[in-house]
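Q: This one is input_14.cif, mmCIF, C-alpha atoms.
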```cif
data_query
#
loop_
_atom_site.label_atom_id
_atom_site.label_comp_id
_atom_site.auth_asym_id
_atom_site.auth_seq_id
_atom_site.Cartn_x
_atom_site.Cartn_y
_atom_site.Cartn_z
CA MET A 1 -8.17 15.39 5.26
CA TYR A 2 -8.15 15.34 1.46
CA ASN A 3 -9.78 12.15 0.21
CA GLY A 4 -10.07 12.55 -3.54
CA ASP A 5 -10.17 9.83 -6.19
CA ILE A 6 -6.87 8.27 -7.22
CA LEU A 7 -5.61 5.52 -9.51
CA GLY A 8 -3.30 2.76 -8.31
CA LEU A 9 -1.10 0.40 -10.31
CA ALA A 10 -2.54 -3.13 -10.23
CA SER A 11 -0.13 -4.86 -12.61
CA ASP A 12 3.55 -4.78 -13.43
CA LEU A 13 5.02 -2.45 -16.02
CA PRO A 14 6.49 -3.95 -19.20
CA SER A 15 10.26 -4.37 -18.97
CA GLY A 16 10.85 -3.86 -22.68
CA GLY A 17 8.92 -3.12 -25.84
CA GLU A 18 6.40 -5.92 -25.40
CA ASP A 19 2.71 -5.10 -25.84
CA VAL A 20 1.04 -5.87 -22.50
CA VAL A 21 -2.04 -4.59 -20.72
CA VAL A 22 -1.27 -2.36 -17.73
CA LYS A 23 -4.08 -2.37 -15.17
CA LEU A 24 -5.06 0.62 -13.04
CA ARG A 25 -7.48 0.36 -10.14
CA PRO A 26 -9.58 3.19 -8.71
CA GLY A 27 -9.34 4.17 -5.08
CA ARG A 28 -9.37 7.05 -2.64
CA TYR A 29 -6.51 8.98 -1.11
CA PHE A 30 -7.43 7.49 2.30
CA ASP A 31 -6.70 4.03 0.86
CA PHE A 32 -3.20 5.22 -0.03
CA PHE A 33 -2.76 6.87 3.38
CA CYS A 34 -3.74 3.69 5.27
CA SER A 35 -1.70 1.32 3.12
CA ASN A 36 1.37 2.79 1.39
CA LEU A 37 2.07 5.50 3.96
CA LEU A 38 1.72 3.12 6.92
CA ALA A 39 3.45 0.12 5.32
CA PRO A 40 6.94 1.02 6.64
CA PHE A 41 5.65 0.64 10.21
CA ASP A 42 4.99 -2.45 12.37
CA VAL A 43 1.73 -2.99 14.27
CA TRP A 44 2.26 -3.91 17.94
CA GLU A 45 -0.04 -4.79 20.85
CA THR A 46 0.88 -4.12 24.45
CA GLY A 47 2.05 -7.34 26.16
CA ARG A 48 2.94 -9.18 22.96
CA LYS A 49 6.55 -10.00 22.13
CA LEU A 50 5.98 -10.08 18.39
CA PRO A 51 4.16 -7.56 16.21
CA HIS A 52 0.73 -8.29 14.78
CA LEU A 53 2.01 -7.15 11.42
CA ARG A 54 5.45 -6.38 10.08
CA GLY A 55 5.07 -3.56 7.60
CA ARG A 56 8.03 -4.70 5.54
CA GLU A 57 6.09 -7.87 4.69
CA LEU A 58 3.75 -5.65 2.65
CA ILE A 59 6.69 -4.28 0.67
CA LEU A 60 9.16 -7.20 0.37
CA ASP A 61 8.57 -10.80 -0.67
CA GLN A 62 10.09 -13.88 1.00
CA ARG A 63 13.34 -13.39 -0.93
CA GLY A 64 13.70 -9.83 0.29
CA GLN A 65 12.84 -8.41 -3.14
CA LEU A 66 10.31 -5.66 -3.75
CA MET A 67 6.79 -7.03 -4.03
CA THR A 68 5.49 -6.87 -7.57
CA PHE A 69 2.52 -4.58 -8.17
CA ARG A 70 0.47 -7.56 -9.28
CA ARG A 71 0.93 -9.26 -5.91
CA SER A 72 0.93 -6.18 -3.72
CA ARG A 73 -1.99 -5.54 -1.33
CA LEU A 74 -1.26 -1.80 -1.14
CA ALA A 75 -3.09 0.98 -2.98
CA ASN A 76 0.09 1.82 -4.94
CA THR A 77 -1.14 5.23 -6.06
CA VAL A 78 0.66 6.26 -9.25
CA GLY A 79 2.79 9.31 -8.46
CA VAL A 80 3.43 11.77 -11.31
CA SER A 81 5.54 14.91 -11.52
CA SER A 82 7.02 17.25 -14.11
CA LEU A 83 10.04 19.53 -14.37
CA ALA A 84 8.85 22.49 -16.45
CA PHE A 85 11.26 24.85 -18.23
CA THR A 86 10.31 28.31 -19.43
CA THR A 87 11.33 29.88 -22.76
CA ASP A 88 14.10 31.77 -20.93
CA GLY A 89 15.54 28.52 -19.57
CA GLN A 90 14.43 28.66 -15.95
CA LEU A 91 13.13 25.67 -14.04
CA ILE A 92 9.81 26.22 -12.30
CA LEU A 93 9.56 24.77 -8.79
CA VAL A 94 6.79 24.67 -6.20
CA ALA A 95 7.25 25.27 -2.47
CA GLN A 96 4.70 23.01 -0.84
CA ALA A 97 2.65 24.15 2.13
CA LYS A 98 3.53 22.76 5.56
CA ASP A 99 0.17 20.96 5.79
CA ASN A 100 0.69 19.20 2.45
CA VAL A 101 0.97 15.45 3.04
CA GLY A 102 3.11 15.00 -0.09
CA SER A 103 6.33 16.81 0.84
CA PRO A 104 5.34 19.26 3.60
CA GLY A 105 7.40 22.45 3.61
CA LEU A 106 9.75 21.18 0.90
CA ILE A 107 10.54 22.26 -2.66
CA ALA A 108 8.81 20.03 -5.19
CA PRO A 109 8.83 19.72 -9.00
CA SER A 110 6.81 22.13 -11.15
CA GLY A 111 3.77 19.93 -10.70
CA SER A 112 3.46 16.78 -8.60
CA GLY A 113 0.70 14.54 -7.35
CA ALA A 114 -1.10 11.35 -8.27
CA LEU A 115 -3.01 9.92 -11.19
CA GLU A 116 -6.77 10.45 -11.00
CA PRO A 117 -9.65 8.81 -12.93
CA ARG A 118 -10.11 12.01 -14.96
CA ASP A 119 -6.65 11.45 -16.46
CA VAL A 120 -8.12 8.51 -18.38
CA PRO A 121 -10.67 9.72 -20.96
CA GLN A 122 -13.90 7.76 -21.34
CA ASP A 123 -12.78 6.65 -24.79
CA GLY A 124 -9.27 5.67 -23.76
CA THR A 125 -8.83 3.06 -26.48
CA GLY A 126 -5.26 2.94 -27.71
CA LEU A 127 -3.77 4.93 -24.83
CA THR A 128 -0.58 3.62 -23.24
CA ILE A 129 0.36 3.96 -19.58
CA GLY A 130 2.81 6.63 -20.76
CA ASP A 131 -0.02 8.63 -22.33
CA VAL A 132 -2.04 8.51 -19.11
CA VAL A 133 0.96 9.45 -16.98
CA LEU A 134 1.66 12.50 -19.15
CA ARG A 135 -1.97 13.58 -18.91
CA GLY A 136 -1.72 13.38 -15.12
CA ALA A 137 1.64 15.13 -14.91
CA GLU A 138 0.47 18.01 -17.12
CA ARG A 139 -2.76 18.34 -15.12
CA GLU A 140 -0.80 18.68 -11.87
CA LEU A 141 1.43 21.28 -13.55
CA ARG A 142 -1.56 23.27 -14.78
CA GLU A 143 -3.21 23.20 -11.37
CA GLU A 144 -0.21 24.14 -9.25
CA CYS A 145 1.37 26.73 -11.57
CA HIS A 146 -1.85 28.18 -13.04
CA VAL A 147 -0.91 27.20 -16.59
CA SER A 148 -3.35 26.56 -19.45
CA PRO A 149 -3.11 23.56 -21.83
CA SER A 150 -2.22 25.82 -24.78
CA GLU A 151 0.80 27.13 -22.86
CA ILE A 152 2.39 23.68 -22.70
CA GLU A 153 4.53 22.96 -25.75
CA ILE A 154 5.53 19.33 -25.13
CA SER A 155 6.17 16.83 -22.34
CA GLU A 156 8.20 13.63 -22.27
CA ILE A 157 8.56 10.98 -19.56
CA VAL A 158 12.21 10.68 -18.53
CA GLY A 159 12.01 7.92 -15.92
CA HIS A 160 10.09 5.94 -13.35
CA GLY A 161 10.89 4.11 -10.13
CA ARG A 162 9.52 3.19 -6.72
CA TRP A 163 9.33 5.37 -3.60
CA ILE A 164 10.46 2.90 -0.93
CA SER A 165 9.51 4.94 2.16
CA ARG A 166 5.98 5.17 0.76
CA GLY A 167 5.37 1.47 0.47
CA ALA A 168 7.40 1.29 -2.76
CA MET A 169 4.67 3.16 -4.66
CA PRO A 170 5.25 3.80 -8.39
CA GLU A 171 6.60 7.23 -9.31
CA PHE A 172 6.95 8.74 -12.80
CA CYS A 173 8.75 11.94 -13.76
CA ALA A 174 8.49 14.01 -16.93
CA VAL A 175 10.09 17.09 -18.44
CA THR A 176 7.86 19.81 -19.89
CA LEU A 177 8.69 22.75 -22.14
CA LEU A 178 6.42 25.74 -21.57
CA GLN A 179 5.52 28.48 -24.03
CA LEU A 180 5.88 31.05 -21.26
CA THR A 181 8.70 33.13 -19.79
CA SER A 182 9.52 32.79 -16.10
CA ASP A 183 8.05 36.27 -15.46
CA GLN A 184 4.77 35.22 -17.03
CA VAL A 185 4.58 32.20 -14.73
CA LEU A 186 5.59 34.05 -11.58
CA ASP A 187 3.22 36.96 -12.18
CA ARG A 188 0.21 34.65 -11.82
CA ALA A 189 -1.53 34.26 -8.49
CA ILE A 190 -1.77 30.80 -6.97
CA ARG A 191 -5.27 29.44 -7.51
CA LEU A 192 -7.42 29.62 -4.37
CA VAL A 193 -8.10 25.88 -4.45
CA GLU A 194 -4.34 25.17 -4.49
CA ARG A 195 -3.33 27.44 -1.60
CA PRO A 196 -3.68 24.70 1.06
CA TYR A 197 -1.02 22.75 -0.86
CA VAL A 198 1.15 25.38 -2.62
CA SER A 199 2.80 28.18 -0.67
CA GLU A 200 4.97 29.67 -3.44
CA VAL A 201 6.04 29.23 -7.05
CA LEU A 202 9.75 29.67 -7.81
CA ALA A 203 11.94 30.01 -10.90
CA VAL A 204 15.61 29.02 -10.68
CA ASP A 205 18.68 28.64 -12.87
CA LEU A 206 20.27 25.20 -12.86
CA ALA A 207 24.01 24.59 -12.79
CA PRO A 208 25.83 24.39 -16.15
CA VAL A 209 24.90 21.25 -18.06
CA ALA A 210 28.51 20.03 -18.02
CA ARG A 211 28.21 19.68 -14.23
CA TRP A 212 24.98 17.69 -14.24
CA ASN A 213 25.49 14.35 -12.50
CA PRO A 214 22.68 11.76 -12.15
CA ARG A 215 24.35 10.48 -8.97
CA LYS A 216 24.39 13.95 -7.41
CA PRO A 217 21.17 15.55 -8.66
CA LEU A 218 20.90 18.15 -5.90
CA THR A 219 24.12 19.83 -7.06
CA MET A 220 22.15 20.94 -10.12
CA LEU A 221 20.11 23.27 -7.89
CA PRO A 222 21.08 26.63 -6.36
CA GLU A 223 22.55 26.13 -2.89
CA GLU A 224 19.66 27.87 -1.16
CA VAL A 225 17.23 25.30 -2.59
CA ARG A 226 19.18 22.07 -2.12
CA ARG A 227 18.50 21.54 1.58
CA SER A 228 14.74 21.87 1.04
CA ALA A 229 14.49 19.64 -2.03
CA SER A 230 11.87 16.88 -1.93
CA TRP A 231 12.48 13.29 -3.00
CA PRO A 232 10.45 13.62 -6.25
CA LEU A 233 12.52 16.70 -7.18
CA ALA A 234 15.82 14.88 -6.66
CA PHE A 235 14.40 11.85 -8.48
CA GLY A 236 13.34 13.91 -11.48
CA LEU A 237 16.63 15.82 -11.66
CA ALA A 238 18.59 12.56 -11.68
CA TYR A 239 16.65 11.34 -14.71
CA LEU A 240 16.94 14.74 -16.38
CA ALA A 241 20.74 14.64 -16.01
CA GLN A 242 20.75 11.17 -17.50
CA SER A 243 18.46 12.12 -20.40
CA ILE A 244 20.40 15.23 -21.44
CA GLY A 245 23.37 13.00 -22.32
CA ASP A 246 21.22 10.90 -24.64
CA GLN A 247 21.58 12.22 -28.20
CA SER A 248 18.25 10.63 -29.18
CA TRP A 249 16.20 12.27 -26.41
CA PRO A 250 13.51 14.30 -28.25
CA LEU A 251 13.72 17.37 -25.99
CA ARG A 252 17.51 17.56 -25.80
CA GLN A 253 18.29 20.17 -28.45
CA GLU A 254 15.43 22.49 -27.57
CA LEU A 255 16.22 22.34 -23.84
CA LEU A 256 19.91 23.03 -24.44
CA LYS A 257 18.91 25.98 -26.59
CA ARG A 258 16.72 27.33 -23.82
CA LEU A 259 19.46 26.89 -21.26
CA ALA A 260 21.80 28.77 -23.64
CA GLN A 261 24.55 26.30 -22.82
CA GLU A 262 26.70 23.95 -24.83
CA ALA A 263 26.16 20.22 -24.81
CA PRO A 264 28.42 18.34 -22.39
CA PRO A 265 31.63 17.14 -24.11
CA ALA A 266 31.84 13.53 -25.20
CA SER A 267 33.97 11.14 -23.18
CA GLY A 268 37.66 11.87 -23.64
CA GLU A 269 37.10 15.35 -25.08
CA SER A 270 38.09 18.57 -23.39
CA SER A 271 35.97 21.67 -23.70
CA ARG A 272 35.66 25.07 -22.19
CA GLY A 273 32.89 24.92 -19.64
CA PRO A 274 29.72 26.84 -20.46
CA THR A 275 29.05 30.14 -18.75
CA GLN A 276 26.43 30.05 -16.02
CA ARG A 277 23.79 32.73 -16.15
CA ARG A 278 23.21 35.11 -13.27
CA GLN A 279 20.73 33.82 -10.68
CA ARG A 280 17.54 35.88 -10.69
CA PRO A 281 15.86 36.76 -7.39
CA VAL A 282 12.98 34.53 -6.42
CA ARG A 283 9.55 36.13 -6.56
CA GLU A 284 6.37 35.05 -4.81
CA GLY A 285 3.65 33.52 -6.88
CA ALA A 286 0.74 34.80 -4.77
#
```
Would you mind writing the file's structure down as structure tokens?
A:
Amino acid sequence: MYNGDILGLASDLPSGGEDVVVKLRPGRYFDFFCSNLLAPFDVWETGRKLPHLRGRELILDQRGQLMTFRRSRLANTVGVSSLAFTTDGQLILVAQAKDNVGSPGLIAPSGSGALEPRDVPQDGTGLTIGDVVLRGAERELREECHVSPSEIEISEIVGHGRWISRGAMPEFCAVTLLQLTSDQVLDRAIRLVERPYVSEVLAVDLAPVARWNPRKPLTMLPEEVRRSASWPLAFGLAYLAQSIGDQSWPLRQELLKRLAQEAPPASGESSRGPTQRRQRPVREGA
């Protein structure tokens, strides 16, 4: 089993603009497997009426609220993912291999995984947790989609939350704009080292922006992809739908331009819905 180095969240994230130190702790993937992945389960012994350990006690405090990262005994590996858009407005997705522990056999974001110590440079003075998360998200994207750093135009974090069924681990999602067409991405072979985890790279058209709904993120995807969507993909799409309605979001205008669609009408306005582009056939990445 894969047992690479990971970084876990050892302190709580700032709730506002305050300047606080966010602590990361090193660990191994096996630590995450034996803590976060097993936390939803209870430990029983034959002949006993009560469990030795109730897994929910590792996730919830005495008030039934999520345990803070500062108090948590779990590895709390920091999950990172990115939704990458090509210059011709297609969203790159990754079909994960069936033996992948992350989301086996499901469709995942363009790049997804966990923070690693190499995402924090030796001279990391002045870096924020957001800077480190973006470094990790872009690394996962480069690895899984065979993309070079110079082919990434810009990335922005759009949201973060907690993955409850995985011990309430922290999860961040970003949106990335590539300097590549979808054909250029799909024409590249999957790297040999990634083939145990990535079975195929896809490029899809999303629904018209006017129909994006943060509460129904899967409706943004083509029907043939929805039933295989992973939790991080749905999570990222929900935050993308929320961000596109924010006039101040830095990537909004460029992404709308790439999608070749009009901005959603303001509340109370009526507008002709944008035209959806024809869905291109999916091509294998290997």
Q: Considering all atoms listed in the file, can you say which of A:Pro232, A:Gly130, A:Gly79, A:Gly167 comes closest to Arg56 (chain A)?
A: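 Result for the nearest residue to Arg56 (chain A): A:Gly167.
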Q: Interatomic distance between CA of Ile244 (chain A) and CA of Ser15 (chain A)?
A: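 Taking CA of Ile244 (chain A) and CA of Ser15 (chain A), their separation equals 22.2 Å.
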Q: Using only C-alpha atoms, which of A:Val22, A:Ala189, A:Met220, A:Leu177 sits nearest Gly126 (chain A)?
A: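 Using only C-alpha atoms, Gly126 (chain A) sits closest to A:Val22.
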Q: What is the distance between CA of Ala238 (chain A) and CA of Lys216 (chain A), in Å to one decimal?
A: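 Computed distance, CA of Ala238 (chain A) to CA of Lys216 (chain A), equals 7.3 Å.
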Q: As a check of understanding, name the residues that the PyMOL selection byres ((chain A and resi 139-152) around 6) selects in the supplied structure, as a list of chain:residue names.
A: A:Ser110, A:Gly111, A:Ser112, A:Gly136, A:Ala137, A:Glu138, A:Glu153, A:Ile154, A:Leu178, A:Gln179
Q: Please enumerate the residues selected by the PyMOL selection byres ((chain A and resi 32) around 9) when evaluated against the supplied file, formatted as a count of residues only.
A: 17
Q: List the residues selected by the PyMOL selection byres ((chain A and resi 67) around 12) in the file shown, writing them as a ChimeraX atom specification.
A: /A:10-12,56-66,68-74,76,162,164,167-170
Q: Go through A:Pro250, A:Gly245, A:Gly236, A:Gly102 one by one, measure the shortest atom-to-atom distance of each to Ala84 (chain A) using only C-alpha atoms, and give the residue with the smallest value.
A: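 Using only C-alpha atoms, the shortest distance to Ala84 (chain A) belongs to A:Gly236.
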Q: Which polymer residues have any atom within 7 Å of an atom of Gly55 (chain A), counting only C-alpha atoms, with same-chain residues fewer than 2 positions away left out, as a list in words?
A: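 My list of contacting residues is Ala39, Pro40, Phe41, Asp42, Leu53, Glu57 and Leu58 of chain A.
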Q: To one decimal place, how far is CA of Asn3 (chain A) from CA of Arg188 (chain A) in Å?
A: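 Distance reported for this atom pair: 27.4 Å.
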Q: Between A:Val209, A:Leu255, A:Leu13, A:Val21, which is the closest to Glu156 (chain A) once you count all atoms listed in the file?
A: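 Among the listed residues, the smallest separation from Glu156 (chain A) belongs to A:Leu255.
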Q: Rank nothing, just name the residue among A:Arg258, A:Asp246, A:Arg195, A:Pro208 nearest to Thr86 (chain A), using only C-alpha atoms.
A: A:Arg258
Q: Excluding same-chain residues fewer than 6 positions from Pro196 (chain A), what lies within 10 Å of it counting all atoms listed in the file, as a ChimeraX atom specification?
A: /A:96-100
Q: Which residues, written as a list in words, have at least one atom at most 8 Å from Ala95 (chain A), with all atoms listed in the file counted and residues fewer than 4 positions away on the same chain left out?
A: Gly105, Leu106, Ile107, Ala108, Val198, Ser199, Glu200, Val201 and Leu202 of chain A
